[in-house]
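Data from coords_24.txt: compact mmCIF, C-alpha atoms
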```
# COMPACT_ATOMS: atom_id res chain seq x y z
CA MET A 359 -71.63 -54.85 -94.16
CA LYS A 360 -72.38 -58.12 -95.90
CA PHE A 361 -70.37 -59.21 -98.94
CA THR A 362 -71.48 -62.80 -99.46
CA ASN A 363 -74.63 -64.54 -100.57
CA GLY A 364 -74.77 -67.48 -98.23
CA PHE A 365 -71.54 -69.16 -97.16
CA TRP A 366 -70.01 -69.91 -100.58
CA LEU A 367 -70.89 -67.10 -102.99
CA VAL A 368 -69.71 -63.50 -103.18
CA ARG A 369 -72.52 -61.06 -103.98
CA ASP A 370 -72.85 -60.16 -107.65
CA GLU A 371 -71.90 -56.51 -107.11
CA PHE A 372 -68.53 -57.39 -105.55
CA GLN A 373 -65.27 -58.88 -106.72
CA ALA A 374 -63.26 -60.49 -103.92
CA ASP A 375 -59.48 -60.53 -103.48
CA TYR A 376 -58.85 -62.74 -100.45
CA VAL A 377 -55.44 -63.26 -98.85
CA ARG A 378 -54.44 -66.76 -99.97
CA ASP A 379 -50.93 -67.08 -98.65
CA ILE A 380 -48.39 -65.51 -96.28
CA TYR A 381 -45.52 -65.63 -98.72
CA GLU A 382 -42.62 -63.92 -96.96
CA VAL A 383 -41.88 -62.48 -93.51
CA GLU A 384 -39.32 -59.82 -92.54
CA GLU A 385 -38.07 -59.06 -89.03
CA ARG A 386 -37.77 -55.41 -88.08
CA GLU A 387 -36.63 -53.83 -84.84
CA ASN A 388 -39.94 -53.97 -82.97
CA GLU A 389 -42.26 -55.64 -85.47
CA LEU A 390 -42.80 -58.33 -88.07
CA LEU A 391 -43.70 -57.50 -91.66
CA ALA A 392 -45.53 -60.12 -93.75
CA PHE A 393 -46.41 -60.08 -97.45
CA ALA A 394 -49.66 -61.84 -98.30
CA PRO A 395 -50.66 -62.06 -101.99
CA TYR A 396 -54.19 -62.67 -103.23
CA LYS A 397 -53.03 -65.85 -104.96
CA GLN A 398 -50.92 -68.78 -103.83
CA ILE A 399 -47.44 -68.39 -105.32
CA GLN A 400 -46.11 -71.63 -106.76
CA GLY A 401 -44.02 -70.20 -109.58
CA ARG A 402 -42.91 -66.96 -111.26
CA GLY A 403 -46.05 -66.83 -113.38
CA ASP A 404 -48.22 -66.60 -110.26
CA THR A 405 -46.65 -63.24 -109.38
CA LEU A 406 -48.15 -61.50 -112.43
CA ASN A 407 -51.24 -59.28 -112.30
CA ILE A 408 -52.11 -59.84 -108.64
CA GLY A 409 -52.47 -57.66 -105.59
CA MET A 410 -51.04 -58.11 -102.12
CA MET A 411 -51.92 -57.34 -98.53
CA THR A 412 -49.07 -56.20 -96.30
CA TYR A 413 -49.31 -57.08 -92.61
CA THR A 414 -47.40 -55.35 -89.81
CA PHE A 415 -47.48 -57.17 -86.46
CA THR A 416 -46.64 -55.21 -83.31
CA ALA A 417 -46.82 -55.47 -79.51
CA PRO A 418 -47.62 -51.94 -78.27
CA ALA A 419 -48.09 -53.03 -74.65
CA LYS A 420 -47.97 -56.14 -72.50
CA ASP A 421 -50.72 -58.67 -73.37
CA ILE A 422 -51.64 -56.65 -76.48
CA LEU A 423 -50.82 -57.52 -80.10
CA GLY A 424 -51.60 -55.35 -83.12
CA ILE A 425 -52.25 -56.19 -86.75
CA HIS A 426 -52.03 -53.45 -89.37
CA MET A 427 -53.17 -54.35 -92.90
CA VAL A 428 -52.68 -52.26 -96.01
CA ASN A 429 -53.57 -52.78 -99.65
CA HIS A 430 -52.32 -49.42 -100.94
CA VAL A 431 -50.52 -46.95 -98.70
CA GLY A 432 -52.02 -43.45 -98.76
CA ASN A 433 -50.16 -40.14 -98.67
CA TYR A 434 -52.05 -38.37 -95.90
CA VAL A 435 -53.00 -39.01 -92.27
CA LYS A 436 -56.72 -39.51 -91.69
CA SER A 437 -58.34 -37.64 -88.84
CA PRO A 438 -59.86 -37.39 -86.34
CA SER A 439 -58.14 -40.39 -84.82
CA PHE A 440 -57.78 -42.24 -81.55
CA GLU A 441 -54.86 -41.11 -79.40
CA LEU A 442 -52.65 -44.17 -79.01
CA TYR A 443 -49.61 -44.82 -76.90
CA GLY A 444 -47.74 -47.82 -75.63
CA ASP A 445 -44.23 -48.31 -74.35
CA LEU A 446 -44.32 -51.44 -72.22
CA ASP A 447 -43.27 -54.10 -74.67
CA LYS A 448 -41.18 -52.66 -77.47
CA SER A 449 -39.15 -55.84 -77.82
CA PRO A 450 -41.71 -58.66 -78.04
CA GLU A 451 -40.51 -62.24 -78.09
CA ARG A 452 -40.19 -63.56 -81.65
CA LYS A 453 -39.44 -67.06 -82.82
CA CYS A 454 -39.17 -68.66 -86.25
CA GLU A 455 -39.07 -72.42 -86.83
CA LYS A 456 -38.32 -73.77 -90.29
CA ALA A 457 -39.52 -77.16 -91.53
CA SER A 458 -40.51 -78.65 -94.90
CA GLY A 459 -39.76 -75.38 -96.68
CA LYS A 460 -42.11 -73.36 -94.45
CA GLU A 461 -41.54 -70.89 -91.64
CA LYS A 462 -43.64 -71.02 -88.49
CA TRP A 463 -43.63 -67.65 -86.70
CA THR A 464 -44.57 -66.80 -83.13
CA LEU A 465 -44.96 -63.27 -81.76
CA LYS A 466 -45.49 -63.05 -78.01
CA SER A 467 -46.28 -60.23 -75.59
CA GLY A 468 -46.87 -61.15 -71.98
CA LYS A 469 -49.35 -64.02 -71.85
CA LEU A 470 -50.68 -63.36 -75.37
CA SER A 471 -49.15 -64.88 -78.49
CA LEU A 472 -49.82 -65.01 -82.22
CA GLU A 473 -48.81 -67.92 -84.45
CA PHE A 474 -48.82 -68.24 -88.23
CA GLU A 475 -46.79 -69.89 -90.96
CA THR A 476 -45.84 -69.16 -94.53
CA GLY A 477 -47.93 -70.89 -97.18
CA SER A 478 -51.22 -70.30 -95.33
CA PRO A 479 -53.46 -67.28 -94.64
CA GLU A 480 -54.51 -68.59 -91.23
CA MET A 481 -53.38 -67.20 -87.85
CA LYS A 482 -54.07 -68.16 -84.24
CA PHE A 483 -54.08 -66.16 -81.00
CA TYR A 484 -53.29 -67.83 -77.67
CA GLY A 485 -53.71 -66.57 -74.10
CA ASP A 486 -51.88 -68.48 -71.36
CA GLY A 487 -51.36 -71.23 -73.95
CA ARG A 488 -55.11 -71.55 -74.63
CA GLU A 489 -56.44 -70.78 -78.11
CA LEU A 490 -58.57 -67.64 -77.97
CA THR A 491 -59.49 -67.03 -81.60
CA CYS A 492 -58.12 -67.38 -85.10
CA ILE A 493 -58.19 -65.91 -88.59
CA LYS A 494 -59.38 -68.44 -91.12
CA SER A 495 -59.11 -68.70 -94.90
CA LYS A 496 -61.34 -66.33 -96.92
CA THR A 497 -61.59 -63.93 -94.00
CA THR A 498 -59.19 -61.10 -94.90
CA GLY A 499 -59.02 -59.27 -98.21
CA MET A 500 -60.34 -56.53 -100.46
CA MET A 501 -63.90 -56.33 -101.77
CA HIS A 502 -64.25 -54.28 -104.95
CA HIS A 503 -67.71 -52.91 -105.71
CA LYS A 504 -68.74 -52.55 -109.34
CA GLN A 505 -69.37 -48.83 -108.75
CA GLY A 506 -65.76 -48.29 -107.71
CA MET A 507 -65.82 -48.51 -103.91
CA ASN A 508 -63.17 -50.65 -102.22
CA TYR A 509 -63.61 -52.28 -98.82
CA LEU A 510 -60.97 -53.91 -96.63
CA VAL A 511 -62.52 -56.75 -94.65
CA SER A 512 -61.15 -59.00 -91.92
CA GLY A 513 -62.44 -60.85 -88.88
CA LEU A 514 -61.84 -63.22 -86.01
CA ASN A 515 -63.36 -66.60 -85.32
CA LEU A 516 -66.08 -67.17 -82.70
CA GLY A 517 -66.19 -70.41 -80.72
CA VAL A 518 -69.33 -72.39 -79.86
CA GLY A 519 -71.20 -70.53 -77.12
CA GLU A 520 -68.83 -67.54 -77.22
CA LEU A 521 -70.70 -64.30 -76.49
CA VAL A 522 -69.75 -60.80 -77.67
CA TYR A 523 -70.27 -57.58 -75.72
CA GLY A 524 -69.39 -53.92 -76.22
CA LEU A 525 -69.27 -51.66 -79.30
CA GLY A 526 -70.16 -48.58 -77.29
CA GLU A 527 -73.58 -47.20 -76.48
CA ARG A 528 -76.29 -49.38 -77.99
CA PHE A 529 -80.05 -49.70 -77.58
CA THR A 530 -80.18 -53.23 -78.98
CA PRO A 531 -79.68 -56.44 -76.91
CA MET A 532 -76.56 -56.47 -74.74
CA VAL A 533 -75.28 -59.70 -76.30
CA LYS A 534 -74.20 -58.63 -79.79
CA ASN A 535 -74.19 -62.06 -81.45
CA GLY A 536 -76.36 -61.99 -84.56
CA GLN A 537 -76.28 -58.20 -84.93
CA THR A 538 -74.95 -55.87 -87.61
CA VAL A 539 -73.38 -52.82 -85.97
CA ASP A 540 -72.16 -49.76 -87.86
CA ILE A 541 -69.78 -47.55 -85.89
CA TRP A 542 -71.01 -44.07 -86.75
CA ASN A 543 -72.31 -41.51 -84.25
CA GLU A 544 -75.76 -40.18 -85.10
CA ASP A 545 -78.79 -38.75 -83.32
CA GLY A 546 -81.43 -41.40 -83.90
CA GLY A 547 -83.20 -41.37 -80.52
CA THR A 548 -82.95 -44.13 -77.95
CA ALA A 549 -85.02 -46.84 -79.61
CA SER A 550 -83.12 -47.82 -82.75
CA GLU A 551 -79.81 -49.24 -83.95
CA ILE A 552 -78.46 -45.69 -84.30
CA SER A 553 -76.64 -44.37 -81.24
CA TYR A 554 -74.65 -41.40 -79.99
CA LYS A 555 -71.47 -43.00 -78.63
CA ASN A 556 -70.19 -45.79 -80.83
CA ILE A 557 -66.83 -47.37 -79.95
CA PRO A 558 -65.13 -49.94 -82.25
CA PHE A 559 -64.23 -52.20 -79.34
CA TYR A 560 -65.73 -55.49 -78.19
CA TYR A 561 -64.80 -58.28 -75.81
CA THR A 562 -65.92 -61.87 -75.54
CA THR A 563 -66.47 -64.53 -72.92
CA LYS A 564 -63.24 -66.27 -73.99
CA GLY A 565 -61.17 -63.62 -72.23
CA TYR A 566 -60.00 -61.21 -74.94
CA GLY A 567 -61.03 -57.91 -76.45
CA VAL A 568 -60.62 -56.36 -79.91
CA PHE A 569 -60.14 -52.66 -80.63
CA VAL A 570 -60.42 -51.58 -84.29
CA ASN A 571 -58.31 -48.45 -84.69
CA HIS A 572 -60.06 -46.65 -87.53
CA PRO A 573 -61.49 -43.09 -87.51
CA GLY A 574 -64.21 -43.74 -90.09
CA ARG A 575 -67.27 -45.95 -90.35
CA VAL A 576 -66.51 -49.50 -89.23
CA SER A 577 -69.13 -52.13 -90.01
CA PHE A 578 -69.28 -55.15 -87.70
CA GLU A 579 -71.04 -58.38 -88.58
CA VAL A 580 -71.16 -60.21 -85.24
CA GLY A 581 -71.95 -63.74 -86.32
CA SER A 582 -74.54 -62.24 -88.65
CA GLU A 583 -72.91 -62.94 -92.03
CA LYS A 584 -70.93 -66.00 -90.97
CA VAL A 585 -72.12 -67.44 -87.68
CA GLU A 586 -68.58 -68.34 -86.58
CA THR A 587 -66.98 -64.93 -87.30
CA VAL A 588 -66.92 -61.38 -85.98
CA GLN A 589 -66.29 -59.57 -89.26
CA PHE A 590 -65.24 -55.92 -89.50
CA SER A 591 -64.89 -53.88 -92.68
CA VAL A 592 -64.09 -50.32 -93.76
CA GLU A 593 -64.32 -48.46 -97.05
CA ASP A 594 -60.58 -47.93 -97.14
CA GLU A 595 -57.28 -49.42 -98.21
CA GLU A 596 -55.92 -50.00 -94.71
CA LEU A 597 -57.12 -51.21 -91.32
CA GLU A 598 -55.55 -51.76 -87.91
CA TYR A 599 -56.80 -53.63 -84.88
CA PHE A 600 -55.48 -54.80 -81.53
CA VAL A 601 -56.20 -58.02 -79.63
CA ILE A 602 -56.10 -57.54 -75.84
CA TYR A 603 -55.85 -60.47 -73.45
CA GLY A 604 -57.43 -60.14 -70.01
CA PRO A 605 -58.54 -62.69 -69.22
CA THR A 606 -61.24 -60.95 -67.13
CA PRO A 607 -63.39 -58.11 -68.55
CA LEU A 608 -61.93 -55.70 -65.97
CA GLU A 609 -58.36 -56.55 -66.98
CA ILE A 610 -59.21 -56.12 -70.67
CA ILE A 611 -60.65 -52.65 -70.05
CA GLU A 612 -57.70 -51.64 -67.87
CA LYS A 613 -55.19 -52.70 -70.51
CA ILE A 614 -56.86 -50.85 -73.37
CA HIS A 615 -57.80 -47.69 -71.48
CA SER A 616 -55.71 -46.62 -68.49
CA PRO A 617 -54.94 -42.91 -69.03
CA TYR A 618 -53.99 -42.30 -65.40
CA ARG A 619 -51.44 -45.10 -65.14
CA LYS A 620 -50.43 -44.93 -68.81
CA THR A 621 -50.58 -48.69 -69.23
CA GLY A 622 -53.16 -48.96 -71.98
CA ILE A 623 -53.01 -48.16 -75.68
CA ALA A 624 -55.95 -45.75 -76.03
CA ALA A 625 -56.39 -42.49 -74.18
```
Could I get this structure in the form of structure tokens?
Amino acid sequence: MKFTNGFWLVRDEFQADYVRDIYEVEERENELLAFAPYKQIQGRGDTLNIGMMTYTFTAPAKDILGIHMVNHVGNYVKSPSFELYGDLDKSPERKCEKASGKEKWTLKSGKLSLEFETGSPEMKFYGDGRELTCIKSKTTGMMHHKQGMNYLVSGLNLGVGELVYGLGERFTPMVKNGQTVDIWNEDGGTASEISYKNIPFYYTTKGYGVFVNHPGRVSFEVGSEKVETVQFSVEDEELEYFVIYGPTPLEIIEKIHSPYRKTGIAA
């Protein structure tokens, strides 16, 4: 789903609340919790009349890192849902470096690591020390439609020449760059964008995959709204996704879906 008119402007029917700042981070037993307001906090007055995204960072299995985002926590469990498990890396490596009043955090599982710092909304993923992808400014936030619908949107950066594959059964070109893909199973024949077996999972030629763990309609803009971003959005107040490092396509698939050896995260 597209929310912008060109690169700079938000569409007239939407009001955007983008994450502007990772303000504070808390360490928990097996996870990191980060509070990310929709405004940079420079004084007490900046804390008034604003919203906030809450991130939870986890490592459910080796070479897999998860990001859970929530704007407002609901009171019921949505279903149907993907059956998840993971017990290989319940104590991921965590490191915090403090300098110039900021905290630089690193969360590592196997050969995959995530880095971010307070005072910025940006995050970077590394595999074997090589940058895989990143989350840039004005990528994650809430989009409020004038008719009352609320959409949580996020996304990961695409490099020059990076190709995207996956998203389940599709009858469109195999390379997904430039396509809009809605994850929703429908009977539309075999000659349209509608398909029977949609899966909110893709992988790229840079050696990582992304699984969006959401039971409802997930809309992917694969370099089709912003050419350097795979954007995913849901009409909801929370969203979770996992980044899986391979680096080969076979290793990515094995790590996300290995029901016989119980080494993946999705059954």
For a quick check of understanding, using all atoms listed in the file, which of A:Glu489, A:Glu384, A:Glu596, A:Glu612 has the smallest distance to Ser512 in chain A?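 Closest to Ser512 in chain A of all the choices is A:Glu596.
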Close residues, Ile557 in chain A itself excluded, 8 Å, all atoms listed in the file, min 3 positions apart in chain, as a PyMOL selection string: chain A and resi 524-527+541
Compile the contact shell of range 544-554 of chain A as a PDB file with C-alpha atoms, in the coordinates of the input: residues with an atom at most 8 Å away, counting all atoms listed in the file, same-chain residues fewer than 4 positions apart removed.
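Result file part.pdb:
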```
ATOM      1  CA  GLU A 527     -73.580 -47.200 -76.480  1.00  0.00           C
ATOM      2  CA  ARG A 528     -76.290 -49.380 -77.990  1.00  0.00           C
ATOM      3  CA  PHE A 529     -80.050 -49.700 -77.580  1.00  0.00           C
ATOM      4  CA  THR A 530     -80.180 -53.230 -78.980  1.00  0.00           C
ATOM      5  CA  VAL A 539     -73.380 -52.820 -85.970  1.00  0.00           C
TER       6      VAL A 539
END
```
Top pick for closest residue to Ser467 in chain A, considering A:Leu597, A:Leu490, A:Met500, A:Ala417 and counting only C-alpha atoms: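 Nearest to Ser467 in chain A: A:Ala417.
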Figure out the distance between CA of Ser591 in chain A and CA of Lys360 in chain A, please, to one decimal in Å. 9.2 Å
Using all atoms listed in the file, what does the table of range 471-544 of chain A residues within 9 Å of range 570-584 of chain A look like, with each row giving the shortest atom pair and its distance in Å to one decimal, sorted by chain and ascending number, as a Markdown table?
```
| residue | atom | partner | partner_atom | distance |
| --- | --- | --- | --- | --- |
| A:Gly513 | CA | A:Glu579 | CA | 9.0 |
| A:Leu516 | CA | A:Gly581 | CA | 7.7 |
| A:Val522 | CA | A:Val580 | CA | 7.7 |
| A:Lys534 | CA | A:Val580 | CA | 6.4 |
| A:Asn535 | CA | A:Val580 | CA | 5.2 |
| A:Gly536 | CA | A:Ser582 | CA | 4.5 |
| A:Gln537 | CA | A:Val580 | CA | 5.5 |
| A:Thr538 | CA | A:Glu579 | CA | 4.7 |
| A:Val539 | CA | A:Phe578 | CA | 5.0 |
| A:Asp540 | CA | A:Ser577 | CA | 4.4 |
| A:Ile541 | CA | A:Val576 | CA | 5.1 |
| A:Trp542 | CA | A:Arg575 | CA | 5.5 |
```
Hey, which of A:Glu475, A:Lys456, A:Lys496, A:Gly565 ends up closest to Lys397 in chain A? Count only C-alpha atoms.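 Using only C-alpha atoms, the shortest distance to Lys397 in chain A belongs to A:Lys496.
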Check the smallest atom-to-atom distance from each of A:Glu385, A:Glu371, A:Glu461, A:Glu451 to Met507 in chain A using all atoms listed in the file, then report the winner.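 That would be A:Glu371, the residue with the smallest distance to Met507 in chain A.
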So, counting only C-alpha atoms, which residue among A:Gly506, A:Gly604, A:Gly567, A:Pro531 is closest to Val588 in chain A?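 Using only C-alpha atoms, the shortest distance to Val588 in chain A belongs to A:Gly567.
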To one decimal place, how far is CA of Gln400 in chain A from CA of Tyr376 in chain A in Å?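 These two atoms are separated by 16.8 Å.
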Shell around Leu465 in chain A at 10 Å using all atoms listed in the file, local window under 4 positions removed, as a list in words: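 Everything that qualifies: Glu389, Leu390, Phe415, Thr416, Ala417, Leu423, Pro450, Glu451, Arg452, Lys453, Cys454, Leu470, Ser471, Leu472, Glu473, Phe474 and Phe483 of chain A.
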Long-range neighbours of Gln398 in chain A as an mmCIF file with C-alpha atoms, in the frame of the given file, 7 Å cut-off, all atoms listed in the file, 2 positions minimum in chain:
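Contents of the output file around-v5.cif:
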```cif
data_model
loop_
_atom_site.group_PDB
_atom_site.id
_atom_site.type_symbol
_atom_site.label_atom_id
_atom_site.label_comp_id
_atom_site.auth_asym_id
_atom_site.auth_seq_id
_atom_site.Cartn_x
_atom_site.Cartn_y
_atom_site.Cartn_z
ATOM 1 C CA ARG A 378 -54.440 -66.760 -99.970
ATOM 2 C CA ASP A 379 -50.930 -67.080 -98.650
ATOM 3 C CA PRO A 395 -50.660 -62.060 -101.990
ATOM 4 C CA TYR A 396 -54.190 -62.670 -103.230
ATOM 5 C CA GLN A 400 -46.110 -71.630 -106.760
#
```
Nearest-residue call for Val428 in chain A, choices A:Thr414, A:Asn515, A:Thr563, A:Thr362, using all atoms listed in the file: A:Thr414
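CA of Gly517 in chain A lies 6.7 Å from CA of Glu586 in chain A.
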What residues have an atom no more than 12 Å from (-64.4, -49.3, -103.8) in the file's own frame, counting all atoms listed in the file, and can you write them as an mmCIF file with C-alpha atoms, keeping the file's coordinate frame?
```
data_model
loop_
_atom_site.group_PDB
_atom_site.id
_atom_site.type_symbol
_atom_site.label_atom_id
_atom_site.label_comp_id
_atom_site.auth_asym_id
_atom_site.auth_seq_id
_atom_site.Cartn_x
_atom_site.Cartn_y
_atom_site.Cartn_z
ATOM 1 C CA GLU A 371 -71.900 -56.510 -107.110
ATOM 2 C CA PHE A 372 -68.530 -57.390 -105.550
ATOM 3 C CA GLN A 373 -65.270 -58.880 -106.720
ATOM 4 C CA ALA A 374 -63.260 -60.490 -103.920
ATOM 5 C CA MET A 500 -60.340 -56.530 -100.460
ATOM 6 C CA MET A 501 -63.900 -56.330 -101.770
ATOM 7 C CA HIS A 502 -64.250 -54.280 -104.950
ATOM 8 C CA HIS A 503 -67.710 -52.910 -105.710
ATOM 9 C CA LYS A 504 -68.740 -52.550 -109.340
ATOM 10 C CA GLN A 505 -69.370 -48.830 -108.750
ATOM 11 C CA GLY A 506 -65.760 -48.290 -107.710
ATOM 12 C CA MET A 507 -65.820 -48.510 -103.910
ATOM 13 C CA ASN A 508 -63.170 -50.650 -102.220
ATOM 14 C CA TYR A 509 -63.610 -52.280 -98.820
ATOM 15 C CA LEU A 510 -60.970 -53.910 -96.630
ATOM 16 C CA VAL A 511 -62.520 -56.750 -94.650
ATOM 17 C CA VAL A 592 -64.090 -50.320 -93.760
ATOM 18 C CA GLU A 593 -64.320 -48.460 -97.050
ATOM 19 C CA ASP A 594 -60.580 -47.930 -97.140
ATOM 20 C CA GLU A 595 -57.280 -49.420 -98.210
#
```
Might I get the box with edges along x, y and z of the file that holds all atoms of range 403-421 of chain A listed there, padded by 3 Å on every side, given as centre and edge lengths in Å to one decimal, as JSON?
```
{"center_x": -49.3, "center_y": -59.4, "center_z": -92.9, "size_x": 12.4, "size_y": 20.9, "size_z": 46.9}
```
Tell me which protein, DNA and RNA residues are within 12 Å of Ile399 in chain A, counting all atoms listed in the file, leaving out same-chain ones fewer than 3 positions away, and put them as JSON, numbers by chain. {"A": [377, 378, 379, 380, 381, 382, 393, 394, 395, 396, 402, 403, 404, 405, 406, 408, 409, 410, 476, 477, 478]}
